Amino acid sequence: MKNIFKFVGLFFKGIWKLITFIRLALVNFIFLASIAIIYFIYTSAETPTPSVPTESALILNISGPIVEQSTYVNPMDSLTGSIFGQNLPKENVLFDIVETIRHAKDDNKVSGIVLALRDMPETNLTKLRYIAKALNEFKTSGKPVYAVGDMYNQSQYYLASYADKIFLAPDGAVMLKGYSAYSLYYKTLLENLDVNTHVFRVGTYKSAIEPFVRDDMSDAAKESASRWLGQLWGAYVDDVATNRQLDPQALTPDMDEFLALLKQNNGDLAALSLNVGLVDELATRQQVRKQLIDVFGSNGDDSYNYIDYYEYQPTMTPNFDMSAHDIAVVVASGAIMDGSQPRGTVGGDTVAALLRQARNDDKVKAVVLRVDSPGGSAFASEVIRNEVDALEQAGKPVVVSMSSLAASGGYWISMSADSIVAQPTTLTGSIGIFSVVTTFEKGLNKLGVYTDGVGTSPFSDVGLTTGLSEGAAQAFQMGIEHGYSRFIGLVSQSRDIPLDKVDEVAQGRVWTGQDALKFGLIDKIGDFDDAVELAAKLANIDSHNLYWVEEPLTPAQQFIQDFMNQVSASFGIDVTALLPQALQPVAAQVIQDAGMLQSFNDPKGHYAFCLNCQTQ
């Protein structure tokens with residue numbers, strides 16, 4: 001009888017737990033549904049179209065990095081990335097910035113532009129040049145452009161140089177430090193940890209793996225980097241010197257000349273900047289506002305009439321011609337990885353699917369593939385290149401628009417296009433291939449841990465804890481050599497360059513766009529606009545819309561993402577911020593290098609990747 005009562009008790013206890021679970025689940029569901037309903041009612045309610053209330057200056061107060069494509073597709077990314085230590089700042093899409101400036105040019109309510117760039121981080125020169133092009137177009141309207149700043153980093157000053165007048169705080173400075181390519185090197189560290197690093201590569205200049213097998217940069221890598229760094233810095237100096245009507249030498253003093261100039265100005269960097277012509281006036285924030293009130297009018301709050309970039313964007317209405325054909329734009333930005341991947345990386349399957357979507361869309365008559373990538377998985381690169389071939393076979397021309405970086409695997413996915421357009425400051429080439437295998441048998445043995453057993457083939461004993469046999473190492477090297485031969489063979493076939501000539505400019509060497517044009521690796525010097533115009537010409541269409549082929553969020557996903565963005569803004573944690581400030585740059589570099597290793601997921605372990613290209 002006791003057992004019966006016990007059974008009945010357990011039965012009813014289980015029923016009660018089930019009822020409690022259902023009740024809590026139902027309450028939570030109703031709560032979430034209520035939030036969703038309120039959200040959709042709020043977002044779907046008719047609201048007046050945003051507008052600029054009075055004639056105002058547009059403040060270009062870009063905050064956060066400038067990117068080719070916003071990163072967050074998975075609505076959980078923002079929350080999880082921030083909580084678990086990944087800093088996720090506001091992103092600014094390059095094309096949105098340019099389109100906003102162009103829209104403001106013809107907007108009668110916008111009376112000028114004020115460049116207030118204090119929160120804009122260092123940005124690649126190629127992207128800056130595209131924004132600068134839009135600023136020059138804006139200036140043709142006769143509207144003024146002013147730059148205001150307490151301090152200017154190198155990228156901020158580049159854009160400021162396009163202003164009609166540059167203000168600098170009396171205690172500020174213009175910090176021009178040039179371009180560099182420095183990496184951390186881990187060979188001795190790995191040896192001290194008894195980690196074996198097995199490297200297989202082809203290419204004298206294929207330096208992506210050097211940080212893991214050397215303690216310094218090789219002479220070949222220094223030779224290659226010195227060339228493209230010099231060309232990029234030369235382009236920067238020429239642009240700024242032209243804008244400011246300066247002798248380029250004023251921007252490139254050696255250390256002795258700089259110290260002499262600083263001494264003449266009693267160590268005052270702001271006065272030095274004024275006296276050499278980098279800025280037009282030293283003024284406090286109050287003095288700047290007073291002058292801008294005279295230009296743009298007063299808003300009644302001790303400042304001038306203005307609307308900032310983020311407020312102005314919603315006032316813009318898209319302009320679509322429903323009768324025009326589409327030119328599809330597919331963005332490939334980030335390291336190339338096998339499979340389906342989120343934005344911020346280039347998933348072989350993901351980008352291939354987007355290209356296939358454009359191929360199957362009858363309204364799409366041409367495709368612009370926008371590439372900003374240091375490369376990555378050789379297999380994934382070939383998956384994407386095959387889709388480029390399929391588009392061309394379908395009669396839809398493909399034009400590659402290279403952004404700041406289209407090297408190694410980034411070049412692999414580009415080479416088969418009908419035409420390749422790049423900027424003089426684009427980094428491309430790096431045609432080479434490598435593989436890295438790390439094993440830990442020495443460290444384990446030192447700890448008294450050994451691996452032993454039997455296998456059925458010569459490769460059965462290859463692993464992280466067993467190491468590589470001499471035969472296995474030879475097999476890996478032959479595979480890499482075959483991969484390199486295939487890479488340069490495809491370049492020769494796609495670009496109609498003799499194989500021996502390809503090998504001469506390959507070997508992993510990095511080239512700027514201006515050098516790549518000489519060697520036949522690209523077809524034309526130009527920017528994104530030029531690539532779109534060329535695509536329209538090849539497709540023989542007079543008018544077109546740009547169709548950005550992306551995976552859209554569903555309304556529910558959009559709701560979750562907006563909600564998560566609010567949460568991450570409140571609770572986000574940046575691990576590097578917990579360290580002393582002096583150590584933060586080193587920590588950031590280590591995290592970047594570790595992240596690079598995490599992106600290595602090629603099924604055969606073959607990589608076409610340019611590491612040093614990313615450091616500028």
# chains A, B, ... in the order shown; residues from 1 in each chain; ligands from 1
>>> residues_around(residues="segment 303-314 of chain A", least_positions_apart="3", cutoff="12 Å", atoms="only C-alpha atoms", output="PyMOL selection string")
chain A and resi 48-63+90-92+96-104+107+109-117+285-300+317-318
>>> residues_around(residues="segment 462-472 of chain A", least_positions_apart="6", cutoff="6 Å", atoms="only C-alpha atoms", output="list of chain:residue names")
A:Thr439, A:Phe440, A:Glu441
>>> residues_around(residues="Ile431 of chain A", least_positions_apart="6", cutoff="10 Å", atoms="only C-alpha atoms", output="PDB file with N, CA and C atoms, in the first residue's frame")
ATOM      1  N   VAL A 202      54.408  27.573 -51.139  1.00  0.00           N
ATOM      2  CA  VAL A 202      55.070  27.878 -52.400  1.00  0.00           C
ATOM      3  C   VAL A 202      54.987  29.390 -52.563  1.00  0.00           C
ATOM      4  N   GLY A 203      56.081  30.031 -52.872  1.00  0.00           N
ATOM      5  CA  GLY A 203      56.102  31.475 -53.066  1.00  0.00           C
ATOM      6  C   GLY A 203      57.137  32.120 -52.179  1.00  0.00           C
ATOM      7  N   TYR A 205      57.600  35.134 -51.571  1.00  0.00           N
ATOM      8  CA  TYR A 205      57.067  36.260 -50.811  1.00  0.00           C
ATOM      9  C   TYR A 205      55.816  35.890 -50.021  1.00  0.00           C
ATOM     10  N   LYS A 206      55.497  34.603 -49.911  1.00  0.00           N
ATOM     11  CA  LYS A 206      54.285  34.193 -49.203  1.00  0.00           C
ATOM     12  C   LYS A 206      54.557  34.235 -47.712  1.00  0.00           C
ATOM     13  N   ALA A 407      43.488  40.339 -52.187  1.00  0.00           N
ATOM     14  CA  ALA A 407      44.759  39.629 -52.322  1.00  0.00           C
ATOM     15  C   ALA A 407      44.582  38.145 -52.077  1.00  0.00           C
ATOM     16  N   SER A 408      45.477  37.356 -52.646  1.00  0.00           N
ATOM     17  CA  SER A 408      45.510  35.912 -52.457  1.00  0.00           C
ATOM     18  C   SER A 408      44.162  35.301 -52.847  1.00  0.00           C
ATOM     19  N   GLY A 409      43.413  34.716 -51.877  1.00  0.00           N
ATOM     20  CA  GLY A 409      42.098  34.192 -52.209  1.00  0.00           C
ATOM     21  C   GLY A 409      41.165  35.268 -52.723  1.00  0.00           C
ATOM     22  N   GLY A 410      41.379  36.525 -52.266  1.00  0.00           N
ATOM     23  CA  GLY A 410      40.606  37.641 -52.794  1.00  0.00           C
ATOM     24  C   GLY A 410      40.843  37.843 -54.268  1.00  0.00           C
ATOM     25  N   TYR A 411      42.074  37.565 -54.727  1.00  0.00           N
ATOM     26  CA  TYR A 411      42.343  37.626 -56.164  1.00  0.00           C
ATOM     27  C   TYR A 411      41.796  36.383 -56.868  1.00  0.00           C
ATOM     28  N   TRP A 412      41.858  35.249 -56.187  1.00  0.00           N
ATOM     29  CA  TRP A 412      41.349  33.988 -56.770  1.00  0.00           C
ATOM     30  C   TRP A 412      39.889  34.145 -57.198  1.00  0.00           C
ATOM     31  N   TYR A 484      49.464  25.444 -55.883  1.00  0.00           N
ATOM     32  CA  TYR A 484      50.076  26.651 -56.456  1.00  0.00           C
ATOM     33  C   TYR A 484      50.049  26.595 -57.979  1.00  0.00           C
ATOM     34  N   PHE A 487      46.655  27.430 -59.081  1.00  0.00           N
ATOM     35  CA  PHE A 487      46.378  28.855 -58.908  1.00  0.00           C
ATOM     36  C   PHE A 487      46.948  29.651 -60.085  1.00  0.00           C
ATOM     37  N   ILE A 488      48.244  29.498 -60.350  1.00  0.00           N
ATOM     38  CA  ILE A 488      48.841  30.302 -61.417  1.00  0.00           C
ATOM     39  C   ILE A 488      48.333  29.857 -62.791  1.00  0.00           C
ATOM     40  N   VAL A 491      45.124  31.707 -63.248  1.00  0.00           N
ATOM     41  CA  VAL A 491      45.422  33.109 -63.553  1.00  0.00           C
ATOM     42  C   VAL A 491      45.837  33.239 -65.014  1.00  0.00           C
ATOM     43  N   VAL A 502      53.150  34.797 -65.328  1.00  0.00           N
ATOM     44  CA  VAL A 502      52.356  34.773 -64.097  1.00  0.00           C
ATOM     45  C   VAL A 502      53.236  34.398 -62.913  1.00  0.00           C
ATOM     46  N   ASP A 503      54.083  33.375 -63.113  1.00  0.00           N
ATOM     47  CA  ASP A 503      54.935  32.917 -62.017  1.00  0.00           C
ATOM     48  C   ASP A 503      55.893  34.017 -61.565  1.00  0.00           C
ATOM     49  N   VAL A 505      55.282  37.243 -61.429  1.00  0.00           N
ATOM     50  CA  VAL A 505      54.608  38.249 -60.594  1.00  0.00           C
ATOM     51  C   VAL A 505      53.842  37.602 -59.440  1.00  0.00           C
ATOM     52  N   ALA A 506      53.872  36.272 -59.377  1.00  0.00           N
ATOM     53  CA  ALA A 506      53.181  35.545 -58.310  1.00  0.00           C
ATOM     54  C   ALA A 506      54.138  35.368 -57.133  1.00  0.00           C
ATOM     55  N   GLN A 507      54.383  34.128 -56.741  1.00  0.00           N
ATOM     56  CA  GLN A 507      55.300  33.845 -55.628  1.00  0.00           C
ATOM     57  C   GLN A 507      54.858  34.519 -54.328  1.00  0.00           C
ATOM     58  N   GLY A 508      53.551  34.836 -54.235  1.00  0.00           N
ATOM     59  CA  GLY A 508      53.036  35.421 -53.017  1.00  0.00           C
ATOM     60  C   GLY A 508      53.269  36.917 -52.876  1.00  0.00           C
ATOM     61  N   ARG A 509      53.793  37.564 -53.927  1.00  0.00           N
ATOM     62  CA  ARG A 509      54.134  38.990 -53.805  1.00  0.00           C
ATOM     63  C   ARG A 509      52.889  39.867 -53.892  1.00  0.00           C
ATOM     64  N   VAL A 510      52.855  40.893 -53.031  1.00  0.00           N
ATOM     65  CA  VAL A 510      51.724  41.826 -52.977  1.00  0.00           C
ATOM     66  C   VAL A 510      52.012  43.009 -53.894  1.00  0.00           C
ATOM     67  N   TRP A 511      50.985  43.413 -54.655  1.00  0.00           N
ATOM     68  CA  TRP A 511      51.108  44.548 -55.563  1.00  0.00           C
ATOM     69  C   TRP A 511      50.003  45.554 -55.302  1.00  0.00           C
ATOM     70  N   ALA A 608      45.112  30.443 -49.375  1.00  0.00           N
ATOM     71  CA  ALA A 608      45.626  31.558 -50.158  1.00  0.00           C
ATOM     72  C   ALA A 608      45.275  32.802 -49.364  1.00  0.00           C
ATOM     73  N   PHE A 609      46.202  33.242 -48.519  1.00  0.00           N
ATOM     74  CA  PHE A 609      45.902  34.264 -47.521  1.00  0.00           C
ATOM     75  C   PHE A 609      47.070  35.236 -47.425  1.00  0.00           C
ATOM     76  N   CYS A 610      46.745  36.531 -47.269  1.00  0.00           N
ATOM     77  CA  CYS A 610      47.772  37.562 -47.131  1.00  0.00           C
ATOM     78  C   CYS A 610      47.617  38.219 -45.774  1.00  0.00           C
TER      79      CYS A 610
END
>>> atom_distance(atom1="atom CA of Gly432 of chain A", atom2="atom CA of Pro374 of chain A")
12.1 Å
>>> closest_residue(among="A:Thr451, A:Asp119, A:Gly178, A:Leu517", to="Asp254 of chain A", atoms="only C-alpha atoms")
A:Gly178
>>> atom_distance(atom1="atom CA of Arg370 of chain A", atom2="atom CA of Val331 of chain A")
4.7 Å
>>> atom_distance(atom1="atom CA of Lys263 of chain A", atom2="atom CA of Gly234 of chain A")
26.6 Å
>>> select_by_dssp(residues="segment 48-283 of chain A", states="alpha helix (DSSP H)", output="PyMOL selection string")
chain A and resi 77-83+94-105+125-139+154-160+187-192+210-213+219-244+255-264+269-275
>>> residues_around(residues="Glu382 of chain A", least_positions_apart="3", cutoff="12 Å", atoms="only C-alpha atoms", output="PyMOL selection string")
chain A and resi 336-338+347-349+351-352+375-379+385-389+408-416+483+486-487+490+602+606-608
>>> closest_residue(among="A:Val199, A:Ala270, A:Leu391, A:Leu278", to="Gln154 of chain A", atoms="only C-alpha atoms")
A:Leu278
>>> residues_around(residues="segment 246-248 of chain A", least_positions_apart="4", cutoff="10 Å", atoms="only C-alpha atoms", output="PyMOL selection string")
chain A and resi 234+236-242+252-253+276-278
